[in-house]
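Below is start_5.json, holding JSON, C-alpha atoms.
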[["chain", "number", "residue", "atom", "x", "y", "z"],
["A", 853, "MET", "CA", 14.66, 11.93, -63.92],
["A", 854, "THR", "CA", 15.76, 13.11, -60.48],
["A", 855, "LEU", "CA", 19.10, 12.19, -58.91],
["A", 856, "HIS", "CA", 17.30, 10.05, -56.35],
["A", 857, "SER", "CA", 15.37, 8.05, -58.96],
["A", 858, "ALA", "CA", 18.51, 7.62, -61.07],
["A", 859, "ILE", "CA", 20.48, 6.23, -58.11],
["A", 860, "MET", "CA", 17.61, 3.96, -57.08],
["A", 861, "LYS", "CA", 17.33, 2.60, -60.62],
["A", 862, "ILE", "CA", 21.02, 1.64, -60.51],
["A", 863, "VAL", "CA", 20.76, 0.12, -57.01],
["A", 864, "GLN", "CA", 17.70, -1.95, -57.96],
["A", 865, "GLN", "CA", 19.42, -3.48, -61.00],
["A", 866, "GLU", "CA", 19.36, -7.18, -60.14],
["A", 867, "ASP", "CA", 22.95, -8.20, -60.87],
["A", 868, "LEU", "CA", 24.37, -5.16, -59.07],
["A", 869, "ASN", "CA", 22.01, -5.52, -56.13],
["A", 870, "PHE", "CA", 22.93, -9.18, -55.65],
["A", 871, "LEU", "CA", 26.64, -8.38, -55.95],
["A", 872, "VAL", "CA", 26.56, -5.50, -53.46],
["A", 873, "THR", "CA", 24.33, -7.17, -50.87],
["A", 874, "ASN", "CA", 25.65, -10.74, -51.04],
["A", 875, "ARG", "CA", 29.09, -11.00, -52.62],
["A", 876, "ILE", "CA", 30.74, -9.26, -49.72],
["A", 877, "PRO", "CA", 32.06, -10.64, -46.41],
["A", 878, "ARG", "CA", 28.54, -11.01, -45.02],
["A", 879, "ARG", "CA", 29.41, -11.86, -41.43],
["A", 880, "LEU", "CA", 32.02, -9.10, -41.20],
["A", 881, "ALA", "CA", 29.62, -6.54, -42.68],
["A", 882, "THR", "CA", 26.92, -7.71, -40.27],
["A", 883, "ARG", "CA", 29.14, -7.32, -37.21],
["A", 884, "PHE", "CA", 30.30, -3.87, -38.35],
["A", 885, "VAL", "CA", 26.79, -2.52, -38.99],
["A", 886, "GLY", "CA", 25.61, -4.02, -35.70],
["A", 887, "TRP", "CA", 28.31, -2.02, -33.91],
["A", 888, "PHE", "CA", 27.94, 1.14, -35.97],
["A", 889, "SER", "CA", 24.15, 1.32, -35.69],
["A", 890, "LYS", "CA", 24.37, 1.51, -31.89],
["A", 891, "ILE", "CA", 26.64, 4.56, -31.77],
["A", 892, "GLU", "CA", 24.78, 7.16, -29.69],
["A", 893, "ASN", "CA", 26.25, 10.26, -31.30],
["A", 894, "PRO", "CA", 23.84, 12.89, -32.71],
["A", 895, "LEU", "CA", 25.86, 13.46, -35.88],
["A", 896, "VAL", "CA", 26.32, 9.74, -36.60],
["A", 897, "ARG", "CA", 22.64, 9.11, -35.79],
["A", 898, "ASP", "CA", 21.34, 11.87, -38.03],
["A", 899, "LEU", "CA", 23.59, 11.00, -40.98],
["A", 900, "SER", "CA", 22.73, 7.30, -40.67],
["A", 901, "ILE", "CA", 18.98, 7.85, -40.51],
["A", 902, "GLY", "CA", 19.20, 10.42, -43.31],
["A", 903, "CYS", "CA", 21.01, 7.91, -45.55],
["A", 904, "TRP", "CA", 18.45, 5.27, -44.59],
["A", 905, "ARG", "CA", 15.60, 7.63, -45.56],
["A", 906, "PHE", "CA", 17.26, 8.24, -48.96],
["A", 907, "PHE", "CA", 17.28, 4.54, -49.89],
["A", 908, "ALA", "CA", 14.07, 3.40, -48.16],
["A", 909, "ASP", "CA", 10.50, 4.57, -47.67],
["A", 910, "LEU", "CA", 10.92, 5.24, -43.96],
["A", 911, "ASP", "CA", 7.75, 6.40, -42.19],
["A", 912, "LEU", "CA", 8.10, 7.27, -38.50],
["A", 913, "SER", "CA", 4.71, 8.93, -38.08],
["A", 914, "ASP", "CA", 3.37, 6.06, -35.93],
["A", 915, "ALA", "CA", 6.52, 5.69, -33.80],
["A", 916, "LYS", "CA", 5.96, 6.02, -30.06],
["A", 917, "GLU", "CA", 9.01, 8.24, -29.61],
["A", 918, "ALA", "CA", 9.84, 11.29, -31.72],
["A", 919, "ARG", "CA", 13.59, 11.16, -31.08],
["A", 920, "PHE", "CA", 16.03, 8.25, -31.16],
["A", 921, "ARG", "CA", 19.38, 7.69, -29.44],
["A", 922, "SER", "CA", 20.87, 5.87, -32.44],
["A", 923, "MET", "CA", 20.00, 4.27, -35.75],
["A", 924, "HIS", "CA", 19.56, 0.97, -33.89],
["A", 925, "ASP", "CA", 17.08, 2.66, -31.56],
["A", 926, "CYS", "CA", 15.13, 3.74, -34.64],
["A", 927, "PHE", "CA", 15.25, 0.24, -36.17],
["A", 928, "THR", "CA", 13.77, -1.33, -33.07],
["A", 929, "ARG", "CA", 11.24, 1.44, -32.37],
["A", 930, "ARG", "CA", 7.93, 0.81, -30.64],
["A", 931, "LEU", "CA", 4.66, 2.14, -32.01],
["A", 932, "LYS", "CA", 2.00, 4.37, -30.52],
["A", 933, "ASP", "CA", -0.67, 2.58, -28.55],
["A", 934, "GLY", "CA", -3.39, 1.32, -30.89],
["A", 935, "ALA", "CA", -1.28, 1.69, -34.04],
["A", 936, "ARG", "CA", -1.75, -2.01, -34.86],
["A", 937, "PRO", "CA", -5.26, -3.14, -33.82],
["A", 938, "MET", "CA", -5.65, -6.91, -33.56],
["A", 939, "ASP", "CA", -8.41, -8.98, -35.18],
["A", 940, "MET", "CA", -9.73, -10.81, -32.11],
["A", 941, "ASP", "CA", -11.76, -13.48, -33.95],
["A", 942, "PRO", "CA", -10.76, -16.71, -32.10],
["A", 943, "GLU", "CA", -10.72, -18.64, -35.40],
["A", 944, "VAL", "CA", -8.23, -16.26, -36.99],
["A", 945, "LEU", "CA", -4.43, -16.22, -36.77],
["A", 946, "VAL", "CA", -3.22, -12.66, -37.33],
["A", 947, "SER", "CA", -0.02, -11.51, -38.97],
["A", 948, "PRO", "CA", 2.74, -11.30, -36.38],
["A", 949, "CYS", "CA", 4.41, -8.39, -38.15],
["A", 950, "ASP", "CA", 4.29, -5.73, -40.82],
["A", 951, "ALA", "CA", 5.44, -7.41, -44.02],
["A", 952, "ILE", "CA", 5.17, -8.11, -47.71],
["A", 953, "VAL", "CA", 3.59, -11.50, -48.35],
["A", 954, "GLY", "CA", 5.90, -13.89, -50.17],
["A", 955, "SER", "CA", 5.41, -17.52, -51.11],
["A", 956, "SER", "CA", 2.49, -19.19, -49.34],
["A", 957, "GLY", "CA", 0.03, -22.06, -49.61],
["A", 958, "ARG", "CA", -0.04, -25.74, -48.69],
["A", 959, "VAL", "CA", 2.87, -27.83, -47.50],
["A", 960, "GLU", "CA", 3.24, -30.48, -50.24],
["A", 961, "ASP", "CA", 5.01, -33.74, -49.36],
["A", 962, "GLY", "CA", 6.95, -32.02, -46.62],
["A", 963, "GLN", "CA", 8.16, -29.24, -48.92],
["A", 964, "VAL", "CA", 7.38, -25.55, -49.27],
["A", 965, "LEU", "CA", 8.37, -22.99, -51.87],
["A", 966, "GLN", "CA", 10.96, -20.25, -51.47],
["A", 967, "VAL", "CA", 9.90, -18.90, -54.88],
["A", 968, "LYS", "CA", 8.39, -20.73, -57.83],
["A", 969, "GLY", "CA", 10.69, -23.62, -58.79],
["A", 970, "PHE", "CA", 12.77, -23.36, -55.59],
["A", 971, "PRO", "CA", 11.40, -25.86, -53.03],
["A", 972, "TYR", "CA", 13.01, -26.67, -49.71],
["A", 973, "GLY", "CA", 12.36, -29.30, -47.06],
["A", 974, "LEU", "CA", 10.42, -28.31, -43.97],
["A", 975, "ASP", "CA", 12.47, -30.80, -41.93],
["A", 976, "GLU", "CA", 15.68, -29.00, -42.94],
["A", 977, "LEU", "CA", 14.24, -25.59, -42.08],
["A", 978, "LEU", "CA", 12.93, -26.66, -38.66],
["A", 979, "GLY", "CA", 15.77, -29.04, -37.89],
["A", 980, "ASP", "CA", 13.28, -31.57, -36.51],
["A", 981, "ASP", "CA", 11.61, -34.41, -38.46],
["A", 982, "ASP", "CA", 8.82, -34.89, -35.93],
["A", 983, "GLN", "CA", 7.92, -31.23, -35.87],
["A", 984, "ALA", "CA", 7.97, -31.08, -39.66],
["A", 985, "ALA", "CA", 5.53, -34.00, -39.77],
["A", 986, "VAL", "CA", 2.98, -31.96, -37.77],
["A", 987, "PHE", "CA", 2.69, -29.51, -40.68],
["A", 988, "ARG", "CA", 2.99, -32.06, -43.48],
["A", 989, "ASP", "CA", -0.42, -31.15, -44.95],
["A", 990, "GLY", "CA", -0.63, -27.78, -43.29],
["A", 991, "CYS", "CA", -0.56, -24.18, -44.38],
["A", 992, "TYR", "CA", 2.32, -21.70, -44.51],
["A", 993, "VAL", "CA", 3.04, -18.10, -45.40],
["A", 994, "THR", "CA", 6.30, -16.19, -45.87],
["A", 995, "LEU", "CA", 6.37, -12.65, -44.47],
["A", 996, "ARG", "CA", 9.25, -10.40, -45.57],
["A", 997, "LEU", "CA", 10.09, -7.33, -43.52],
["A", 998, "THR", "CA", 11.86, -4.54, -45.40],
["A", 999, "SER", "CA", 14.44, -2.33, -43.71],
["A", 1000, "SER", "CA", 12.04, 0.58, -43.21],
["A", 1001, "MET", "CA", 9.24, -1.44, -41.60],
["A", 1002, "TYR", "CA", 8.32, -1.84, -37.96],
["A", 1003, "HIS", "CA", 10.63, -4.64, -36.75],
["A", 1004, "ARG", "CA", 8.82, -6.03, -33.72],
["A", 1005, "PHE", "CA", 6.66, -9.13, -34.01],
["A", 1006, "HIS", "CA", 3.69, -10.34, -31.98],
["A", 1007, "ALA", "CA", 1.78, -13.49, -31.06],
["A", 1008, "PRO", "CA", -0.65, -14.43, -33.89],
["A", 1009, "HIS", "CA", -3.05, -16.01, -31.37],
["A", 1010, "ASP", "CA", -3.37, -16.82, -27.69],
["A", 1011, "CYS", "CA", -0.65, -19.42, -27.32],
["A", 1012, "ARG", "CA", 1.94, -21.10, -25.15],
["A", 1013, "VAL", "CA", 5.55, -21.12, -26.29],
["A", 1014, "GLU", "CA", 6.98, -24.60, -25.72],
["A", 1015, "SER", "CA", 10.50, -24.13, -27.04],
["A", 1016, "VAL", "CA", 12.84, -22.04, -29.14],
["A", 1017, "THR", "CA", 15.53, -23.65, -31.26],
["A", 1018, "HIS", "CA", 18.29, -21.31, -32.39],
["A", 1019, "ILE", "CA", 20.05, -22.56, -35.52],
["A", 1020, "GLY", "CA", 23.24, -20.74, -36.44],
["A", 1021, "GLY", "CA", 23.91, -19.97, -40.07],
["A", 1022, "ASP", "CA", 24.73, -17.49, -42.79],
["A", 1023, "THR", "CA", 23.34, -13.99, -43.37],
["A", 1024, "TRP", "CA", 22.27, -13.95, -47.02],
["A", 1025, "ASN", "CA", 20.02, -11.10, -48.07],
["A", 1026, "VAL", "CA", 16.38, -12.28, -48.08],
["A", 1027, "ASN", "CA", 15.09, -9.94, -50.80],
["A", 1028, "PRO", "CA", 13.36, -11.37, -53.92],
["A", 1029, "ILE", "CA", 16.55, -11.06, -55.98],
["A", 1030, "ALA", "CA", 18.49, -13.35, -53.63],
["A", 1031, "LEU", "CA", 15.54, -15.74, -53.22],
["A", 1032, "LYS", "CA", 15.59, -16.37, -56.98],
["A", 1033, "ARG", "CA", 19.32, -17.14, -56.98],
["A", 1034, "VAL", "CA", 20.22, -18.92, -53.73],
["A", 1035, "GLU", "CA", 18.53, -22.30, -53.30],
["A", 1036, "ARG", "CA", 17.27, -23.26, -49.83],
["A", 1037, "LEU", "CA", 18.24, -19.80, -48.59],
["A", 1038, "PHE", "CA", 16.06, -19.90, -45.47],
["A", 1039, "CYS", "CA", 17.67, -23.22, -44.51],
["A", 1040, "LYS", "CA", 21.13, -21.63, -44.76],
["A", 1041, "ASN", "CA", 20.54, -18.46, -42.75],
["A", 1042, "GLU", "CA", 20.54, -18.05, -39.00],
["A", 1043, "ARG", "CA", 17.04, -18.59, -37.62],
["A", 1044, "ALA", "CA", 14.96, -19.11, -34.50],
["A", 1045, "VAL", "CA", 12.27, -21.80, -34.60],
["A", 1046, "ILE", "CA", 9.54, -20.77, -32.14],
["A", 1047, "ARG", "CA", 7.32, -23.74, -31.33],
["A", 1048, "THR", "CA", 3.90, -22.94, -29.83],
["A", 1049, "VAL", "CA", 0.49, -24.47, -29.18],
["A", 1050, "LEU", "CA", -2.75, -22.51, -29.43],
["A", 1051, "THR", "CA", -4.51, -21.92, -26.13],
["A", 1052, "GLY", "CA", -7.72, -23.93, -25.86],
["A", 1053, "SER", "CA", -7.45, -26.08, -28.99],
["A", 1054, "GLY", "CA", -3.90, -27.28, -28.37],
["A", 1055, "GLN", "CA", -3.15, -27.07, -32.10],
["A", 1056, "ALA", "CA", 0.44, -26.52, -33.13],
["A", 1057, "MET", "CA", 1.72, -23.27, -34.62],
["A", 1058, "THR", "CA", 5.34, -22.57, -35.41],
["A", 1059, "LEU", "CA", 7.04, -19.31, -36.35],
["A", 1060, "VAL", "CA", 10.49, -19.25, -37.90],
["A", 1061, "ALA", "CA", 12.30, -15.93, -37.58],
["A", 1062, "VAL", "CA", 15.04, -15.79, -40.23],
["A", 1063, "ALA", "CA", 17.94, -13.35, -39.90],
["A", 1064, "ALA", "CA", 19.56, -11.57, -42.83],
["A", 1065, "ILE", "CA", 22.63, -9.56, -43.76],
["A", 1066, "LEU", "CA", 23.71, -6.53, -41.71],
["A", 1067, "VAL", "CA", 22.54, -6.39, -38.08],
["A", 1068, "ALA", "CA", 20.89, -9.85, -38.25],
["A", 1069, "GLY", "CA", 19.98, -9.94, -34.57],
["A", 1070, "ILE", "CA", 16.90, -11.87, -33.41],
["A", 1071, "ARG", "CA", 15.68, -10.97, -29.93],
["A", 1072, "LEU", "CA", 12.93, -12.78, -28.02],
["A", 1073, "ARG", "CA", 11.33, -10.99, -25.08],
["A", 1074, "PHE", "CA", 10.68, -14.15, -23.06],
["A", 1075, "LEU", "CA", 14.22, -15.58, -23.23],
["A", 1076, "GLU", "CA", 16.54, -14.48, -20.46],
["A", 1077, "MET", "CA", 19.58, -15.39, -22.54],
["A", 1078, "PRO", "CA", 19.84, -13.51, -25.88],
["A", 1079, "LEU", "CA", 20.38, -15.54, -29.04],
["A", 1080, "ASP", "CA", 24.04, -15.27, -30.00],
["A", 1081, "ARG", "CA", 24.56, -14.85, -33.74],
["A", 1082, "ARG", "CA", 28.17, -15.98, -33.30],
["A", 1083, "ASP", "CA", 26.91, -19.42, -32.31],
["A", 1084, "THR", "CA", 27.12, -21.58, -35.45],
["A", 1085, "GLY", "CA", 25.53, -24.67, -33.91],
["A", 1086, "ARG", "CA", 22.01, -25.57, -32.82],
["A", 1087, "ARG", "CA", 20.67, -24.88, -29.37],
["A", 1088, "ARG", "CA", 17.22, -25.60, -27.94],
["A", 1089, "PHE", "CA", 15.69, -23.50, -25.17],
["A", 1090, "PRO", "CA", 12.72, -25.16, -23.38],
["A", 1091, "CYS", "CA", 9.98, -22.65, -22.57],
["A", 1092, "ASP", "CA", 6.65, -22.44, -20.80],
["A", 1093, "VAL", "CA", 5.46, -18.94, -21.66],
["A", 1094, "THR", "CA", 1.83, -17.94, -22.21],
["A", 1095, "LEU", "CA", 1.16, -15.08, -24.61],
["A", 1096, "GLN", "CA", -2.05, -13.30, -25.52],
["A", 1097, "LYS", "CA", -2.90, -12.53, -29.14],
["A", 1098, "GLY", "CA", -1.00, -9.40, -30.12],
["A", 1099, "GLU", "CA", 1.45, -9.55, -27.23],
["A", 1100, "GLU", "CA", 5.01, -8.76, -28.25],
["A", 1101, "MET", "CA", 7.18, -11.84, -28.87],
["A", 1102, "GLY", "CA", 10.41, -10.17, -29.95],
["A", 1103, "TRP", "CA", 12.08, -8.07, -32.60],
["A", 1104, "PHE", "CA", 14.61, -8.03, -35.40],
["A", 1105, "GLU", "CA", 17.50, -5.65, -35.36],
["A", 1106, "HIS", "CA", 17.14, -5.28, -39.12],
["A", 1107, "GLY", "CA", 14.58, -6.26, -41.77],
["A", 1108, "SER", "CA", 14.20, -9.98, -42.38],
["A", 1109, "THR", "CA", 11.59, -12.74, -42.70],
["A", 1110, "ILE", "CA", 9.10, -14.65, -40.57],
["A", 1111, "LEU", "CA", 7.55, -17.91, -41.77],
["A", 1112, "VAL", "CA", 4.30, -19.00, -40.13],
["A", 1113, "PHE", "CA", 3.18, -22.67, -40.15],
["A", 1114, "ALA", "CA", -0.25, -23.97, -39.11],
["A", 1115, "PRO", "CA", -1.52, -27.57, -39.28],
["A", 1116, "ARG", "CA", -4.15, -29.04, -41.54],
["A", 1117, "GLY", "CA", -7.49, -27.33, -40.97],
["A", 1118, "PHE", "CA", -6.23, -23.80, -41.54],
["A", 1119, "ARG", "CA", -6.23, -21.81, -44.77],
["A", 1120, "LEU", "CA", -4.95, -18.42, -45.84],
["A", 1121, "CYS", "CA", -7.38, -15.56, -45.37],
["A", 1122, "ASP", "CA", -8.83, -13.81, -48.39],
["A", 1123, "GLY", "CA", -6.45, -11.22, -49.80],
["A", 1124, "VAL", "CA", -3.28, -12.83, -48.42],
["A", 1125, "THR", "CA", -1.49, -13.23, -51.73],
["A", 1126, "GLN", "CA", 2.07, -12.82, -52.91],
["A", 1127, "GLY", "CA", 3.20, -9.21, -53.12],
["A", 1128, "THR", "CA", 0.48, -7.75, -50.89],
["A", 1129, "MET", "CA", 1.29, -5.64, -47.85],
["A", 1130, "ILE", "CA", 0.03, -6.77, -44.47],
["A", 1131, "ARG", "CA", 0.29, -5.24, -41.03],
["A", 1132, "ALA", "CA", 0.65, -6.83, -37.63],
["A", 1133, "GLY", "CA", -2.79, -7.76, -36.31],
["A", 1134, "GLN", "CA", -4.51, -8.19, -39.67],
["A", 1135, "PRO", "CA", -6.04, -11.60, -40.56],
["A", 1136, "LEU", "CA", -3.50, -14.07, -41.91],
["A", 1137, "MET", "CA", -4.96, -17.61, -41.55],
["A", 1138, "GLN", "CA", -8.24, -19.01, -40.32],
["A", 1139, "LEU", "CA", -9.89, -22.32, -39.56],
["A", 1140, "ASP", "CA", -11.26, -23.78, -42.79],
["A", 1141, "ARG", "CA", -14.83, -24.52, -41.77],
["A", 1142, "PRO", "CA", -16.93, -26.55, -44.25],
["A", 1143, "PRO", "CA", -19.90, -24.61, -45.70],
["A", 1144, "VAL", "CA", -23.22, -24.99, -43.90],
["A", 1145, "PRO", "CA", -25.73, -26.82, -46.17]]
Mind turning this structure into C-alpha cells?
Amino acid sequence: MTLHSAIMKIVQQEDLNFLVTNRIPRRLATRFVGWFSKIENPLVRDLSIGCWRFFADLDLSDAKEARFRSMHDCFTRRLKDGARPMDMDPEVLVSPCDAIVGSSGRVEDGQVLQVKGFPYGLDELLGDDDQAAVFRDGCYVTLRLTSSMYHRFHAPHDCRVESVTHIGGDTWNVNPIALKRVERLFCKNERAVIRTVLTGSGQAMTLVAVAAILVAGIRLRFLEMPLDRRDTGRRRFPCDVTLQKGEEMGWFEHGSTILVFAPRGFRLCDGVTQGTMIRAGQPLMQLDRPPVP
C-alpha cells in the first residue's frame, strides 16, 4: 500500500471524516479558507493546488486557462469552448453542472429524500408553501459537486429567471457521510432558490444551489448584488432574466449541491440513477410522453 492510499483510507473513514469536516467551527473555517484561497502568491498557490491534487482527483485538462492566479481562480475555472456540449432536444432538461447523482425521483406528499430514510419537506427547503405546491407531484434530482469538479452551473433549458431567494444558514459538509447523519441538512445550509419558467411552455423549474463548508460562496451572474454568506436571514431578489439552454447561470466557490425540481409531466432520463456521474449538458429530465398506440 502506498503512502497516498494509506492516508486516503484514514481520511475516508466515516467517523473521522465526519469529525474533521463537521465538528469544527464551520463558519470560521469557511471564512478562513475563503480568504486564504484568494491569495495571489505563486508559492501559496502552488502548495495549495498541490495539496488539493493529493486529496482529490483534480483534472485540469479541459480548463480554458493553463495557469491560475490563486487556488480560488482554479476552483472557479472556465472550460475550453465545446468542452460541455448541450443536448438541444426541446423536451429535455439537461444537467446544469458536472456532478454525482444523489437521491432522485418523485416528490411524495410534499417531501423528498436526502438519503433513504431521511425525508425533508419541500416547503422548508424552498421557504415558500405556494412554490412547493407547484412541485407536489413533480420530479427532482440531487446533484453533488465534489471539490475537484468544474464549479460553474448552466441553464438546463431556455428559461426566464423570475426570482432568487437567498436563505442564510449553516455550512455542513454535503458529502454522503454527512447526509446519513444530519437530518434535513439541505434545509439547514445556506442556499439560493432560483425560480424559473421554461420559455414557450411556461412550466415551472426551480434550482436550489446549496452551499457547504469551506468557501461556501454562491455567485449568480445575473445578480448585480452578490449573495452575502454573512446574511443569516432570507432575502428575495425579483428578476426578469432570459437565459438560453447551456448559458452560464453562476458558480460555486467550492464543491456543493444543486437540486433540480420540475413539475408533474417530467421524468428522469434513462441512466440518471444514484451514484452515476453526469456532466453539464447531458440529459437529466424529459417530458414523459405517453406511448403511441
Exercise: residues within 12 Å of coordinate (-6.7, -15.5, -37.8), counting all atoms listed in the file, as a ChimeraX atom specification: /A:938-948,1007-1010,1050,1057,1097-1098,1112,1114,1118-1122,1124,1132-1140
Of the candidates A:Leu997, A:Ile1110, A:Leu880, A:Ile891, which shows the shortest atom-to-atom distance to A:Val1062, using all atoms listed in the file? A:Ile1110
Within 12 Å of A:Leu1059 using all atoms listed in the file, minus same-chain residues under 6 positions, as number ranges by chain: A: 945, 947-949, 977-978, 983, 987, 992-995, 1005-1009, 1011, 1013-1017, 1043-1049, 1101-1102, 1109-1114
Deliver the residues from the most recent selection as a file, using C-alpha atoms, as a CSV table (one decimal), keeping the file's coordinate frame.
chain,number,residue,atom,x,y,z
A,945,LEU,CA,-4.4,-16.2,-36.8
A,947,SER,CA,0.0,-11.5,-39.0
A,948,PRO,CA,2.7,-11.3,-36.4
A,949,CYS,CA,4.4,-8.4,-38.2
A,977,LEU,CA,14.2,-25.6,-42.1
A,978,LEU,CA,12.9,-26.7,-38.7
A,983,GLN,CA,7.9,-31.2,-35.9
A,987,PHE,CA,2.7,-29.5,-40.7
A,992,TYR,CA,2.3,-21.7,-44.5
A,993,VAL,CA,3.0,-18.1,-45.4
A,994,THR,CA,6.3,-16.2,-45.9
A,995,LEU,CA,6.4,-12.6,-44.5
A,1005,PHE,CA,6.7,-9.1,-34.0
A,1006,HIS,CA,3.7,-10.3,-32.0
A,1007,ALA,CA,1.8,-13.5,-31.1
A,1008,PRO,CA,-0.6,-14.4,-33.9
A,1009,HIS,CA,-3.0,-16.0,-31.4
A,1011,CYS,CA,-0.6,-19.4,-27.3
A,1013,VAL,CA,5.6,-21.1,-26.3
A,1014,GLU,CA,7.0,-24.6,-25.7
A,1015,SER,CA,10.5,-24.1,-27.0
A,1016,VAL,CA,12.8,-22.0,-29.1
A,1017,THR,CA,15.5,-23.6,-31.3
A,1043,ARG,CA,17.0,-18.6,-37.6
A,1044,ALA,CA,15.0,-19.1,-34.5
A,1045,VAL,CA,12.3,-21.8,-34.6
A,1046,ILE,CA,9.5,-20.8,-32.1
A,1047,ARG,CA,7.3,-23.7,-31.3
A,1048,THR,CA,3.9,-22.9,-29.8
A,1049,VAL,CA,0.5,-24.5,-29.2
A,1101,MET,CA,7.2,-11.8,-28.9
A,1102,GLY,CA,10.4,-10.2,-30.0
A,1109,THR,CA,11.6,-12.7,-42.7
A,1110,ILE,CA,9.1,-14.6,-40.6
A,1111,LEU,CA,7.6,-17.9,-41.8
A,1112,VAL,CA,4.3,-19.0,-40.1
A,1113,PHE,CA,3.2,-22.7,-40.2
A,1114,ALA,CA,-0.2,-24.0,-39.1
For A:Phe970, the closest of A:Ser900, A:Trp1024, A:Gln1096, A:Leu1037 counting only C-alpha atoms is A:Leu1037
Quote the spacing between atom CA of A:Pro1090 and atom CA of A:Val1060 in Å to one decimal place. 15.8 Å
Distance atom CA of A:Ala881-atom CA of A:Asp911, one decimal place? 25.4 Å
Report, as AutoDock Vina command-line options, the centre and edge lengths in Å (one decimal) of the axis-aligned box enclosing every listed atom of stretch 932-936 of chain A, padded by 8 Å on each side.
--center_x -0.7 --center_y 1.2 --center_z -31.7 --size_x 21.4 --size_y 22.4 --size_z 22.3
Kindly extract all protein, DNA and RNA residues lying within 12 Å of the coordinates (21.0, -12.7, -34.9) given in the file, considering all atoms listed in the file, and supply them as a PyMOL selection string. chain A and resi 879+882-883+886+1018-1023+1041-1044+1061-1072+1078-1084+1102-1108
Just the residues within 9 Å of A:Val896, please, counting only C-alpha atoms, with nothing from its chain fewer than 5 positions along; format it as a PyMOL selection string. chain A and resi 888-889+891+901+922-923
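Distance check against A:Asp925 using only C-alpha atoms: of A:Gly962, A:Gly957, A:Asp980, A:Tyr1002, the minimum falls on A:Tyr1002.
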Rounded to one decimal place, report the atom CA of A:Phe1074-atom CA of A:Val1093 distance in Å. 7.2 Å
Might you pull out every residue within 9 Å of A:Arg930, with all atoms listed in the file counted and same-chain residues fewer than 4 positions away left off, and present them as a PDB file with C-alpha atoms, keeping the file's coordinate frame?
ATOM      1  CA  ASP A 914       3.370   6.060 -35.930  1.00  0.00           C
ATOM      2  CA  ALA A 915       6.520   5.690 -33.800  1.00  0.00           C
ATOM      3  CA  LYS A 916       5.960   6.020 -30.060  1.00  0.00           C
ATOM      4  CA  GLU A 917       9.010   8.240 -29.610  1.00  0.00           C
ATOM      5  CA  CYS A 926      15.130   3.740 -34.640  1.00  0.00           C
ATOM      6  CA  TYR A1002       8.320  -1.840 -37.960  1.00  0.00           C
ATOM      7  CA  HIS A1003      10.630  -4.640 -36.750  1.00  0.00           C
ATOM      8  CA  ARG A1004       8.820  -6.030 -33.720  1.00  0.00           C
TER       9      ARG A1004
END
